[in-house]
>>> print(open('final03.cif').read())   # mmCIF, C-alpha atoms and all ligand atoms
data_structure
loop_
_atom_site.label_atom_id
_atom_site.label_comp_id
_atom_site.auth_asym_id
_atom_site.auth_seq_id
_atom_site.Cartn_x
_atom_site.Cartn_y
_atom_site.Cartn_z
CA MET A 337 61.83 26.27 61.82
CA ARG A 338 61.87 28.54 64.83
CA LYS A 339 64.10 27.33 67.66
CA HIS A 340 63.19 26.94 71.31
CA ILE A 341 65.18 29.89 72.63
CA PHE A 342 66.41 29.56 76.24
CA ASN A 343 69.08 32.26 75.86
CA ALA A 344 69.99 34.33 78.92
CA GLY A 345 69.96 37.58 76.95
CA PRO A 346 69.54 38.75 74.28
CA ALA A 347 66.65 36.37 74.55
CA VAL A 348 63.39 35.16 73.08
CA LEU A 349 60.82 37.76 72.04
CA PRO A 350 57.13 37.15 71.28
CA GLU A 351 56.69 35.99 67.68
CA GLU A 352 53.99 38.60 67.04
CA VAL A 353 56.38 41.32 68.23
CA LEU A 354 59.01 40.09 65.77
CA GLN A 355 56.41 40.09 63.01
CA GLN A 356 55.20 43.62 63.79
CA ALA A 357 58.77 44.89 64.17
CA SER A 358 59.76 43.42 60.83
CA GLU A 359 56.79 45.12 59.13
CA ALA A 360 57.75 48.45 60.69
CA VAL A 361 61.32 48.04 59.45
CA VAL A 362 59.90 48.17 55.93
CA ASP A 363 57.07 50.66 56.49
CA LEU A 364 55.94 52.16 59.81
CA HIS A 365 52.12 52.37 59.91
CA ALA A 366 51.87 52.95 56.13
CA SER A 367 53.83 56.18 56.53
CA GLY A 368 56.08 55.46 53.58
CA MET A 369 59.07 55.35 55.96
CA SER A 370 60.82 52.65 57.91
CA VAL A 371 60.96 52.94 61.70
CA LEU A 372 64.72 53.04 61.09
CA GLU A 373 64.32 56.18 58.99
CA ILE A 374 62.04 58.38 61.09
CA SER A 375 63.42 61.32 63.05
CA HIS A 376 63.57 60.98 66.79
CA ARG A 377 61.98 64.45 66.87
CA ALA A 378 59.04 63.39 64.66
CA THR A 379 55.52 63.08 66.05
CA ALA A 380 55.54 59.41 65.07
CA PHE A 381 58.41 58.77 67.48
CA ASP A 382 57.00 61.02 70.15
CA ASP A 383 53.86 58.84 70.13
CA ILE A 384 56.00 55.68 70.41
CA LEU A 385 58.06 57.02 73.30
CA ARG A 386 55.11 58.35 75.28
CA GLU A 387 53.07 55.18 74.88
CA ALA A 388 56.06 53.05 75.93
CA GLN A 389 56.63 55.24 79.00
CA SER A 390 53.00 55.19 80.01
CA LEU A 391 52.74 51.41 79.55
CA VAL A 392 55.76 50.91 81.83
CA LYS A 393 54.05 53.03 84.49
CA GLU A 394 50.70 51.33 84.02
CA LEU A 395 52.10 47.79 84.14
CA MET A 396 54.24 48.59 87.16
CA GLY A 397 51.64 50.66 88.98
CA LEU A 398 53.77 53.82 89.10
CA GLY A 399 52.41 57.35 89.34
CA GLU A 400 53.42 60.83 88.25
CA ASP A 401 56.23 60.97 90.80
CA TYR A 402 58.29 58.60 88.66
CA SER A 403 60.07 59.34 85.36
CA VAL A 404 60.64 56.60 82.81
CA LEU A 405 63.76 56.91 80.65
CA PHE A 406 65.09 54.82 77.80
CA LEU A 407 68.85 55.25 77.82
CA GLN A 408 71.85 53.53 76.24
CA GLY A 409 74.99 51.95 77.66
CA GLY A 410 73.27 48.86 79.07
CA ALA A 411 72.59 48.05 82.69
CA SER A 412 76.38 48.15 83.07
CA LEU A 413 76.47 51.91 82.56
CA GLN A 414 73.92 52.25 85.36
CA PHE A 415 76.39 50.52 87.69
CA SER A 416 78.51 53.69 87.51
CA MET A 417 75.98 56.36 86.50
CA LEU A 418 73.86 55.77 89.58
CA PRO A 419 76.60 56.27 92.20
CA MET A 420 78.12 59.04 90.09
CA ASN A 421 74.85 60.98 90.37
CA LEU A 422 74.03 60.18 93.97
CA LEU A 423 77.30 59.90 95.87
CA SER A 424 80.05 62.25 96.86
CA GLU A 425 83.31 60.83 98.24
CA GLU A 426 82.18 61.14 101.87
CA ASP A 427 78.74 59.59 101.22
CA ALA A 428 77.97 55.96 101.96
CA ALA A 429 75.71 53.51 100.14
CA GLY A 430 74.80 49.91 100.88
CA TYR A 431 74.78 46.97 98.49
CA ALA A 432 73.70 43.35 98.74
CA ASP A 433 76.10 40.99 96.98
CA THR A 434 74.08 38.24 95.34
CA GLY A 435 76.30 37.39 92.37
CA THR A 436 78.39 38.53 89.46
CA TRP A 437 76.22 41.51 88.49
CA SER A 438 76.05 42.80 92.07
CA VAL A 439 79.83 42.49 92.28
CA LYS A 440 80.17 44.59 89.14
CA ALA A 441 77.76 47.20 90.50
CA ILE A 442 79.74 47.34 93.78
CA LYS A 443 83.05 47.69 91.96
CA GLU A 444 81.86 50.72 89.99
CA ALA A 445 80.15 52.34 92.99
CA ARG A 446 83.43 52.22 94.94
CA LEU A 447 84.81 54.80 92.50
CA PHE A 448 82.36 57.37 93.86
CA GLY A 449 81.74 56.83 97.59
CA GLN A 450 81.98 54.61 100.65
CA ILE A 451 80.35 51.32 99.78
CA HIS A 452 79.18 48.91 102.46
CA VAL A 453 78.34 45.37 101.42
CA LEU A 454 75.63 44.67 103.98
CA ALA A 455 74.97 41.08 102.97
CA SER A 456 76.54 38.53 100.67
CA SER A 457 75.89 34.95 99.62
CA LYS A 458 79.34 34.57 98.08
CA GLN A 459 80.34 31.86 100.60
CA ASP A 460 77.88 29.36 99.14
CA ASN A 461 78.53 30.36 95.52
CA TYR A 462 75.43 32.53 95.56
CA ARG A 463 72.90 29.75 96.12
CA HIS A 464 70.67 31.93 98.26
CA ILE A 465 69.41 35.47 98.80
CA PRO A 466 70.71 36.84 102.14
CA LYS A 467 68.03 37.86 104.62
CA GLY A 468 67.76 39.24 108.14
CA TYR A 469 70.43 41.95 108.01
CA THR A 470 70.01 45.56 109.07
CA ILE A 471 70.18 48.50 106.71
CA PRO A 472 71.55 51.59 108.49
CA ASP A 473 69.62 54.81 107.97
CA ASN A 474 72.68 56.94 107.23
CA LEU A 475 73.13 55.54 103.73
CA LYS A 476 72.29 57.44 100.57
CA TYR A 477 70.65 54.31 99.16
CA PHE A 478 70.57 50.53 99.30
CA HIS A 479 71.04 48.49 96.11
CA ILE A 480 69.85 44.99 95.28
CA THR A 481 69.84 42.81 92.17
CA THR A 482 66.33 41.35 92.16
CA ASN A 483 67.18 38.41 89.92
CA ASN A 484 70.60 36.86 89.59
CA THR A 485 70.81 35.80 85.99
CA ILE A 486 73.93 33.68 86.37
CA PHE A 487 73.18 31.88 89.63
CA GLY A 488 69.42 31.55 89.25
CA THR A 489 68.24 33.18 92.48
CA GLN A 490 65.53 35.80 92.87
CA TYR A 491 64.15 37.98 95.67
CA HIS A 492 60.60 36.87 96.44
CA THR A 493 60.27 39.48 99.17
CA PHE A 494 62.14 42.77 99.25
CA PRO A 495 64.09 44.15 102.20
CA ASP A 496 62.57 46.96 104.25
CA ALA A 497 64.98 49.82 103.76
CA PRO A 498 64.98 53.06 105.78
CA VAL A 499 66.76 54.67 102.81
CA PRO A 500 65.93 54.81 99.07
CA LEU A 501 65.78 51.28 97.68
CA ILE A 502 67.36 50.74 94.27
CA ALA A 503 67.20 47.67 92.07
CA ASP A 504 68.84 46.19 89.05
CA MET A 505 65.86 44.32 87.55
CA SER A 506 67.55 43.48 84.26
CA SER A 507 66.53 39.84 84.24
CA ASP A 508 63.14 39.88 85.93
CA ILE A 509 61.49 43.17 85.08
CA LEU A 510 57.76 42.69 84.50
CA CYS A 511 57.86 38.96 85.10
CA ARG A 512 55.35 39.25 87.98
CA LYS A 513 53.17 41.62 89.90
CA MET A 514 55.20 43.50 92.45
CA GLU A 515 55.14 46.61 94.57
CA ALA A 516 57.33 48.78 92.35
CA THR A 517 56.58 51.83 94.50
CA ARG A 518 58.86 50.34 97.17
CA PHE A 519 61.73 51.34 94.91
CA ASP A 520 63.12 54.81 94.27
CA PHE A 521 65.13 53.74 91.27
CA ILE A 522 64.87 50.72 88.98
CA TYR A 523 66.98 49.88 85.96
CA ALA A 524 67.02 47.06 83.45
CA GLY A 525 68.80 46.25 80.22
CA ALA A 526 65.97 45.56 77.76
CA GLN A 527 67.38 42.42 76.21
CA LYS A 528 65.64 39.85 78.41
CA ASN A 529 62.02 40.69 79.13
CA LEU A 530 61.53 43.97 77.30
CA GLY A 531 63.00 44.08 73.84
CA PRO A 532 66.27 44.05 71.94
CA ALA A 533 69.74 44.88 73.25
CA GLY A 534 70.74 48.52 72.96
CA VAL A 535 68.19 50.17 75.23
CA THR A 536 68.11 50.40 79.01
CA LEU A 537 65.03 51.16 81.02
CA VAL A 538 65.61 53.57 83.90
CA ILE A 539 62.84 54.51 86.33
CA ILE A 540 63.59 57.30 88.78
CA LYS A 541 61.49 58.82 91.54
CA GLN A 542 61.34 62.59 91.68
CA SER A 543 62.42 62.67 95.33
CA LEU A 544 65.64 60.83 94.43
CA LEU A 545 66.24 63.11 91.47
CA ASN A 546 66.00 66.07 93.87
CA LEU A 547 68.98 64.69 95.81
CA ILE A 548 71.36 65.09 92.87
CA ARG A 549 73.49 68.16 93.47
CA LYS A 550 76.66 67.58 91.48
CA THR A 551 77.79 69.01 88.20
CA LEU A 552 77.98 66.10 85.83
CA PRO A 553 78.66 65.47 82.15
CA SER A 554 75.28 65.95 80.44
CA MET A 555 75.00 62.43 79.04
CA LEU A 556 75.63 61.00 82.52
CA ASP A 557 73.24 63.30 84.37
CA TYR A 558 69.77 61.89 85.14
CA ARG A 559 68.40 65.43 85.49
CA VAL A 560 69.34 66.15 81.87
CA HIS A 561 67.67 62.97 80.61
CA VAL A 562 64.52 63.64 82.62
CA GLU A 563 64.33 67.29 81.51
CA ASN A 564 64.71 66.17 77.91
CA ASN A 565 62.42 63.15 78.26
CA SER A 566 65.10 60.71 76.96
CA LEU A 567 65.67 62.96 73.93
CA TYR A 568 68.82 64.81 74.98
CA ASN A 569 70.56 62.96 72.18
CA THR A 570 69.35 60.48 69.59
CA PRO A 571 67.87 57.58 71.53
CA CYS A 572 67.76 53.95 70.39
CA VAL A 573 64.67 54.55 68.24
CA PHE A 574 64.22 51.01 66.97
CA GLY A 575 64.96 49.45 70.36
CA ILE A 576 62.34 51.65 72.02
CA TYR A 577 59.83 50.75 69.30
CA VAL A 578 60.35 47.02 69.92
CA CYS A 579 60.01 47.65 73.68
CA LEU A 580 56.68 49.34 72.96
CA LEU A 581 55.50 46.32 70.96
CA THR A 582 56.57 43.99 73.79
CA LEU A 583 54.86 46.18 76.40
CA ARG A 584 51.65 46.12 74.34
CA TRP A 585 51.94 42.34 74.13
CA LEU A 586 52.42 42.19 77.91
CA LYS A 587 49.40 44.37 78.50
CA SER A 588 47.24 42.28 76.19
CA LYS A 589 48.16 39.12 78.14
CA GLY A 590 47.90 40.83 81.53
CA LEU A 591 50.64 40.74 84.13
CA ASP A 592 48.62 38.30 86.27
CA ALA A 593 48.48 35.80 83.41
CA ILE A 594 52.17 36.33 82.60
CA GLU A 595 53.09 35.69 86.23
CA ALA A 596 50.92 32.57 86.39
CA LEU A 597 52.50 31.23 83.21
CA ASN A 598 56.00 32.02 84.47
CA LYS A 599 55.27 30.11 87.68
CA GLN A 600 53.90 27.19 85.71
CA LYS A 601 56.92 27.08 83.38
CA ALA A 602 59.45 27.33 86.20
CA SER A 603 57.74 24.75 88.40
CA LEU A 604 57.61 22.24 85.52
CA ILE A 605 61.40 22.37 85.19
CA TYR A 606 62.12 22.51 88.94
CA SER A 607 59.89 19.50 89.51
CA VAL A 608 61.91 17.42 87.03
CA ILE A 609 65.10 18.59 88.74
CA ASP A 610 63.70 17.54 92.12
CA ARG A 611 62.36 14.18 90.90
CA TYR A 612 65.60 12.73 89.56
CA PRO A 613 68.84 12.42 91.55
CA LEU A 614 70.73 12.97 88.28
CA PHE A 615 69.81 16.67 88.49
CA SER A 616 71.03 19.04 91.15
CA GLY A 617 69.48 22.52 91.37
CA HIS A 618 71.96 25.29 92.14
CA ALA A 619 69.69 27.70 94.04
CA VAL A 620 68.09 26.83 97.38
CA PRO A 621 64.39 26.12 96.75
CA GLU A 622 63.01 29.20 98.55
CA ASP A 623 65.08 31.60 96.46
CA ARG A 624 64.72 29.91 93.10
CA SER A 625 64.36 32.22 90.13
CA LEU A 626 61.30 32.21 87.91
CA MET A 627 63.48 33.40 85.05
CA ASN A 628 66.82 31.57 85.10
CA ILE A 629 66.82 27.94 86.18
CA THR A 630 70.29 26.64 86.99
CA PHE A 631 71.24 23.02 87.54
CA THR A 632 74.10 20.61 87.17
CA LEU A 633 74.26 16.84 86.64
CA THR A 634 75.47 14.59 89.44
CA LYS A 635 77.17 12.68 86.61
CA PRO A 636 78.91 15.56 84.84
CA GLU A 637 80.25 13.23 82.15
CA LEU A 638 76.69 13.10 80.75
CA GLU A 639 76.39 16.86 80.26
CA SER A 640 77.50 16.95 76.65
CA GLN A 641 75.08 14.12 75.81
CA LEU A 642 72.12 15.97 77.32
CA LEU A 643 73.18 19.12 75.54
CA GLU A 644 73.35 17.19 72.26
CA GLU A 645 69.86 15.72 72.75
CA THR A 646 68.31 19.10 73.48
CA LYS A 647 70.10 20.57 70.49
CA LYS A 648 68.65 17.89 68.20
CA ALA A 649 65.18 18.92 69.40
CA GLY A 650 65.80 22.56 68.43
CA ILE A 651 66.53 23.80 71.95
CA THR A 652 69.19 26.46 72.19
CA GLY A 653 70.88 28.50 74.93
CA ILE A 654 70.79 26.11 77.88
CA LYS A 655 74.51 25.63 78.47
CA GLY A 656 75.27 26.94 81.96
CA HIS A 657 77.43 29.94 82.72
CA ARG A 658 80.96 28.93 83.71
CA SER A 659 80.44 30.20 87.31
CA VAL A 660 77.87 27.46 87.94
CA GLY A 661 78.57 25.00 85.13
CA GLY A 662 75.92 22.54 83.98
CA PHE A 663 72.80 24.11 82.57
CA ARG A 664 70.82 27.30 82.71
CA ALA A 665 67.34 27.42 81.24
CA SER A 666 66.28 31.04 80.88
CA VAL A 667 62.51 31.07 80.67
CA TYR A 668 61.64 34.71 80.14
CA ASN A 669 58.09 35.98 79.60
CA ALA A 670 58.07 35.34 75.86
CA LEU A 671 59.22 31.72 76.01
CA PRO A 672 56.21 29.57 75.10
CA LEU A 673 55.02 26.80 77.42
CA LYS A 674 55.56 24.28 74.60
CA SER A 675 59.31 25.00 74.65
CA VAL A 676 59.42 24.31 78.38
CA SER A 677 57.36 21.12 78.01
CA LEU A 678 59.74 19.88 75.34
CA LEU A 679 62.78 20.52 77.54
CA CYS A 680 61.06 18.78 80.45
CA GLU A 681 60.27 15.70 78.32
CA ILE A 682 63.91 15.38 77.30
CA MET A 683 65.15 15.93 80.88
CA GLU A 684 62.59 13.45 82.19
CA ASP A 685 63.70 10.70 79.77
CA PHE A 686 67.31 11.45 80.56
CA GLY A 687 66.65 11.47 84.31
CA LYS A 688 64.84 8.12 84.13
CA LYS A 689 67.61 6.52 82.14
CA TYR A 690 70.62 7.77 84.09
CA SER A 691 69.53 8.53 87.67
N1 LIG B 1 72.49 43.07 85.52
C1 LIG B 1 71.97 41.85 85.34
C2 LIG B 1 71.14 41.23 86.42
C3 LIG B 1 72.22 41.17 84.14
O1 LIG B 1 71.72 39.95 83.95
C4 LIG B 1 73.01 41.79 83.15
C5 LIG B 1 73.30 41.15 81.81
N2 LIG B 1 73.15 39.84 81.68
C6 LIG B 1 73.55 43.04 83.40
C7 LIG B 1 73.24 43.67 84.60
C8 LIG B 1 74.41 43.76 82.40
O2 LIG B 1 73.59 44.22 81.41
P1 LIG B 1 74.15 44.95 80.11
O3 LIG B 1 74.79 43.90 79.28
O4 LIG B 1 72.90 45.52 79.51
O5 LIG B 1 75.10 46.00 80.52
#
>>> encode(input="final03.cif", output="structure tokens")
Amino acid sequence: MRKHIFNAGPAVLPEEVLQQASEAVVDLHASGMSVLEISHRATAFDDILREAQSLVKELMGLGEDYSVLFLQGGASLQFSMLPMNLLSEEDAAGYADTGTWSVKAIKEARLFGQIHVLASSKQDNYRHIPKGYTIPDNLKYFHITTNNTIFGTQYHTFPDAPVPLIADMSSDILCRKMEATRFDFIYAGAQKNLGPAGVTLVIIKQSLLNLIRKTLPSMLDYRVHVENNSLYNTPCVFGIYVCLLTLRWLKSKGLDAIEALNKQKASLIYSVIDRYPLFSGHAVPEDRSLMNITFTLTKPELESQLLEETKKAGITGIKGHRSVGGFRASVYNALPLKSVSLLCEIMEDFGKKYS
């Protein structure tokens, strides 16, 4: 029996995507070859790559001035590749510190330039998204993490930046309609909303690409990857194929419907949290994430019992990250409503009994 998968990433994928991917592992479109066996230079893969790139642009409303790349090295490589491409030692960039992944991005960027942390919510253990700060116009770029996977906060409005705006969207890419054209650079590890681990989506605006002046190792140079359309070396063929299947699934549902369902799923869980004093949400309500719902119990001694009850019901992946403790329900696009309803029922019974 299939589990109810609340993993933070790698995470749940649509069942039909898993089915189609498994068929392609045996035989891709009756070609007599597995998707694992085709050449990355073959027409079959060229079709896969181009369709995946154009679906990303279509779903995000991006035009010809953006390039879509599928790279390797995870979102973590982008933490260093981005400043390596864009900064020289005397250049400055701004970052917002909204949690563990921002901190990691800041740490890597410091190897390449002057990094200013313009806002941070560290003081309250990252319960909120900082607002109302000024972004100087002498920065090369300003970087945010749109969804904070560990702490469960998310930007619901984006800062107005007088410089190129850059975002790590690893854990909320394509979870809602948004103005993607406000960003000059977007990156996301695929393993939450897009596909399997091993492929990283990078979206770069031509005007930002034009700012890169340094000589860089080829594999770390965005210009090389754009010129070669993600085929400078052998890309993650299977990962990109599964991304394509997920993007097709997303398109068939429609981003509006996906967003509506994500809001419904998240509000079901948040409303149980808010109804029972036993539960305490980590994020402040206005910055709550649609994707990662974090909460603790006011009676922590009951945590293992709740975990046990959810486990018996086939729910997996809801143990909280050690930085917050308690629970984290990751409710990415592909998680069915029925999984959320089941978790809510269990939480509701538990809340009634022990609040
Ligand atoms: N950024 C965010 C927001 C993440 O959630 C993660 C992974 N959980 C990362 C970056 C790191 O991604 P990767 O493991 O692909 O390097």
>>> closest_residue(input="final03.cif", among="A:Gly653, A:Gly368, A:Gly575, A:Gly435", to="Ile341 in chain A", atoms="only C-alpha atoms")
A:Gly653
>>> closest_residue(input="final03.cif", among="A:Leu556, A:Ala524, A:Val620, A:Val538", to="ligand LIG 1 (chain B)", atoms="only C-alpha atoms and all ligand atoms")
A:Ala524
>>> residues_around(input="final03.cif", residues="range 657-671 of chain A", least_positions_apart="5", cutoff="7 Å", atoms="only C-alpha atoms", output="list in words")
Phe342, Asn343, Ala344, Val348, Leu349, Pro350, Ile486, Phe487, Cys511, Lys528, Asn529, Ile594, Asn598, Met627, Asn628, Ile629, Thr630, Phe631, Thr632, Leu633 and Glu639 of chain A
>>> residues_near_ligand(input="final03.cif", ligand="ligand LIG 1 (chain B)", cutoff="7 Å", atoms="all atoms listed in the file", output="ChimeraX atom specification")
/A:344-345,409-413,437,481,483-485,504-507,525,536
>>> write_last_selection(input="final03.cif", atoms="C-alpha atoms", output="tab-separated table (two decimals), in the coordinates of the input")
chain	number	residue	atom	x	y	z
A	344	ALA	CA	69.99	34.33	78.92
A	345	GLY	CA	69.96	37.58	76.95
A	409	GLY	CA	74.99	51.95	77.66
A	410	GLY	CA	73.27	48.86	79.07
A	411	ALA	CA	72.59	48.05	82.69
A	412	SER	CA	76.38	48.15	83.07
A	413	LEU	CA	76.47	51.91	82.56
A	437	TRP	CA	76.22	41.51	88.49
A	481	THR	CA	69.84	42.81	92.17
A	483	ASN	CA	67.18	38.41	89.92
A	484	ASN	CA	70.60	36.86	89.59
A	485	THR	CA	70.81	35.80	85.99
A	504	ASP	CA	68.84	46.19	89.05
A	505	MET	CA	65.86	44.32	87.55
A	506	SER	CA	67.55	43.48	84.26
A	507	SER	CA	66.53	39.84	84.24
A	525	GLY	CA	68.80	46.25	80.22
A	536	THR	CA	68.11	50.40	79.01
>>> residues_around(input="final03.cif", residues="Val562 in chain A", least_positions_apart="2", cutoff="12 Å", atoms="all atoms listed in the file", output="ChimeraX atom specification")
/A:401-407,538-542,545-546,554-560,564-568
>>> write_last_selection(input="final03.cif", atoms="C-alpha atoms", output="compact mmCIF listing (two decimals), in the frame of the given file")
# COMPACT_ATOMS: atom_id res chain seq x y z
CA ASP A 401 56.23 60.97 90.80
CA TYR A 402 58.29 58.60 88.66
CA SER A 403 60.07 59.34 85.36
CA VAL A 404 60.64 56.60 82.81
CA LEU A 405 63.76 56.91 80.65
CA PHE A 406 65.09 54.82 77.80
CA LEU A 407 68.85 55.25 77.82
CA VAL A 538 65.61 53.57 83.90
CA ILE A 539 62.84 54.51 86.33
CA ILE A 540 63.59 57.30 88.78
CA LYS A 541 61.49 58.82 91.54
CA GLN A 542 61.34 62.59 91.68
CA LEU A 545 66.24 63.11 91.47
CA ASN A 546 66.00 66.07 93.87
CA SER A 554 75.28 65.95 80.44
CA MET A 555 75.00 62.43 79.04
CA LEU A 556 75.63 61.00 82.52
CA ASP A 557 73.24 63.30 84.37
CA TYR A 558 69.77 61.89 85.14
CA ARG A 559 68.40 65.43 85.49
CA VAL A 560 69.34 66.15 81.87
CA ASN A 564 64.71 66.17 77.91
CA ASN A 565 62.42 63.15 78.26
CA SER A 566 65.10 60.71 76.96
CA LEU A 567 65.67 62.96 73.93
CA TYR A 568 68.82 64.81 74.98
>>> residues_around(input="final03.cif", residues="Leu638 in chain A", least_positions_apart="2", cutoff="12 Å", atoms="only C-alpha atoms", output="JSON, numbers by chain")
{"A": [614, 615, 632, 633, 634, 635, 636, 640, 641, 642, 643, 644, 645, 662, 663, 683, 686, 687, 689, 690, 691]}
>>> residues_around(input="final03.cif", residues="range 577-581 of chain A", least_positions_apart="3", cutoff="7 Å", atoms="all atoms listed in the file", output="list in words")
Val353, Ala357, Ile384, Ala388, Leu530, Gly531, Pro532, Val573, Phe574, Arg584 and Trp585 of chain A
>>> residues_around(input="final03.cif", residues="Gly399 in chain A", least_positions_apart="5", cutoff="10 Å", atoms="all atoms listed in the file", output="list of chain:residue names")
A:Ser390, A:Lys393, A:Glu394, A:Thr517, A:Lys541
>>> build_atoms(input="final03.cif", residues="range 505-528 of chain A", atoms="N, CA and C atoms", output="mmCIF file, in the coordinates of the input")
data_model
loop_
_atom_site.group_PDB
_atom_site.id
_atom_site.type_symbol
_atom_site.label_atom_id
_atom_site.label_comp_id
_atom_site.auth_asym_id
_atom_site.auth_seq_id
_atom_site.Cartn_x
_atom_site.Cartn_y
_atom_site.Cartn_z
ATOM 1 N N MET A 505 66.882 45.334 87.888
ATOM 2 C CA MET A 505 65.860 44.320 87.550
ATOM 3 C C MET A 505 66.049 43.808 86.125
ATOM 4 N N SER A 506 67.304 43.825 85.664
ATOM 5 C CA SER A 506 67.550 43.480 84.260
ATOM 6 C C SER A 506 66.908 42.161 83.845
ATOM 7 N N SER A 507 66.990 41.149 84.722
ATOM 8 C CA SER A 507 66.530 39.840 84.240
ATOM 9 C C SER A 507 65.199 39.399 84.822
ATOM 10 N N ASP A 508 64.496 40.294 85.535
ATOM 11 C CA ASP A 508 63.140 39.880 85.930
ATOM 12 C C ASP A 508 62.108 40.989 85.867
ATOM 13 N N ILE A 509 62.448 42.064 85.169
ATOM 14 C CA ILE A 509 61.490 43.170 85.080
ATOM 15 C C ILE A 509 60.188 42.665 84.437
ATOM 16 N N LEU A 510 59.086 43.031 85.023
ATOM 17 C CA LEU A 510 57.760 42.690 84.500
ATOM 18 C C LEU A 510 57.504 41.200 84.316
ATOM 19 N N CYS A 511 58.135 40.396 85.181
ATOM 20 C CA CYS A 511 57.860 38.960 85.100
ATOM 21 C C CYS A 511 56.741 38.573 86.070
ATOM 22 N N ARG A 512 56.345 39.546 86.943
ATOM 23 C CA ARG A 512 55.350 39.250 87.980
ATOM 24 C C ARG A 512 54.797 40.562 88.498
ATOM 25 N N LYS A 513 53.710 40.437 89.218
ATOM 26 C CA LYS A 513 53.170 41.620 89.900
ATOM 27 C C LYS A 513 54.072 41.924 91.082
ATOM 28 N N MET A 514 54.365 43.153 91.306
ATOM 29 C CA MET A 514 55.200 43.500 92.450
ATOM 30 C C MET A 514 54.916 44.934 92.862
ATOM 31 N N GLU A 515 55.354 45.256 94.071
ATOM 32 C CA GLU A 515 55.140 46.610 94.570
ATOM 33 C C GLU A 515 56.296 47.493 94.107
ATOM 34 N N ALA A 516 56.220 47.987 92.903
ATOM 35 C CA ALA A 516 57.330 48.780 92.350
ATOM 36 C C ALA A 516 57.521 50.094 93.114
ATOM 37 N N THR A 517 56.459 50.558 93.782
ATOM 38 C CA THR A 517 56.580 51.830 94.500
ATOM 39 C C THR A 517 57.480 51.714 95.742
ATOM 40 N N ARG A 518 57.881 50.477 96.081
ATOM 41 C CA ARG A 518 58.860 50.340 97.170
ATOM 42 C C ARG A 518 60.241 50.821 96.743
ATOM 43 N N PHE A 519 60.410 50.973 95.445
ATOM 44 C CA PHE A 519 61.730 51.340 94.910
ATOM 45 C C PHE A 519 61.763 52.811 94.490
ATOM 46 N N ASP A 520 62.923 53.422 94.690
ATOM 47 C CA ASP A 520 63.120 54.810 94.270
ATOM 48 C C ASP A 520 63.790 54.885 92.908
ATOM 49 N N PHE A 521 64.383 53.768 92.537
ATOM 50 C CA PHE A 521 65.130 53.740 91.270
ATOM 51 C C PHE A 521 65.195 52.286 90.808
ATOM 52 N N ILE A 522 64.834 52.080 89.551
ATOM 53 C CA ILE A 522 64.870 50.720 88.980
ATOM 54 C C ILE A 522 65.551 50.825 87.618
ATOM 55 N N TYR A 523 66.412 49.890 87.314
ATOM 56 C CA TYR A 523 66.980 49.880 85.960
ATOM 57 C C TYR A 523 67.033 48.465 85.412
ATOM 58 N N ALA A 524 67.022 48.379 84.096
ATOM 59 C CA ALA A 524 67.020 47.060 83.450
ATOM 60 C C ALA A 524 67.483 47.186 82.013
ATOM 61 N N GLY A 525 68.463 46.391 81.638
ATOM 62 C CA GLY A 525 68.800 46.250 80.220
ATOM 63 C C GLY A 525 67.579 45.608 79.566
ATOM 64 N N ALA A 526 67.240 46.033 78.352
ATOM 65 C CA ALA A 526 65.970 45.560 77.760
ATOM 66 C C ALA A 526 66.026 44.125 77.256
ATOM 67 N N GLN A 527 67.229 43.606 77.073
ATOM 68 C CA GLN A 527 67.380 42.420 76.210
ATOM 69 C C GLN A 527 66.944 41.077 76.795
ATOM 70 N N LYS A 528 66.165 41.116 77.871
ATOM 71 C CA LYS A 528 65.640 39.850 78.410
ATOM 72 C C LYS A 528 64.115 39.845 78.325
#
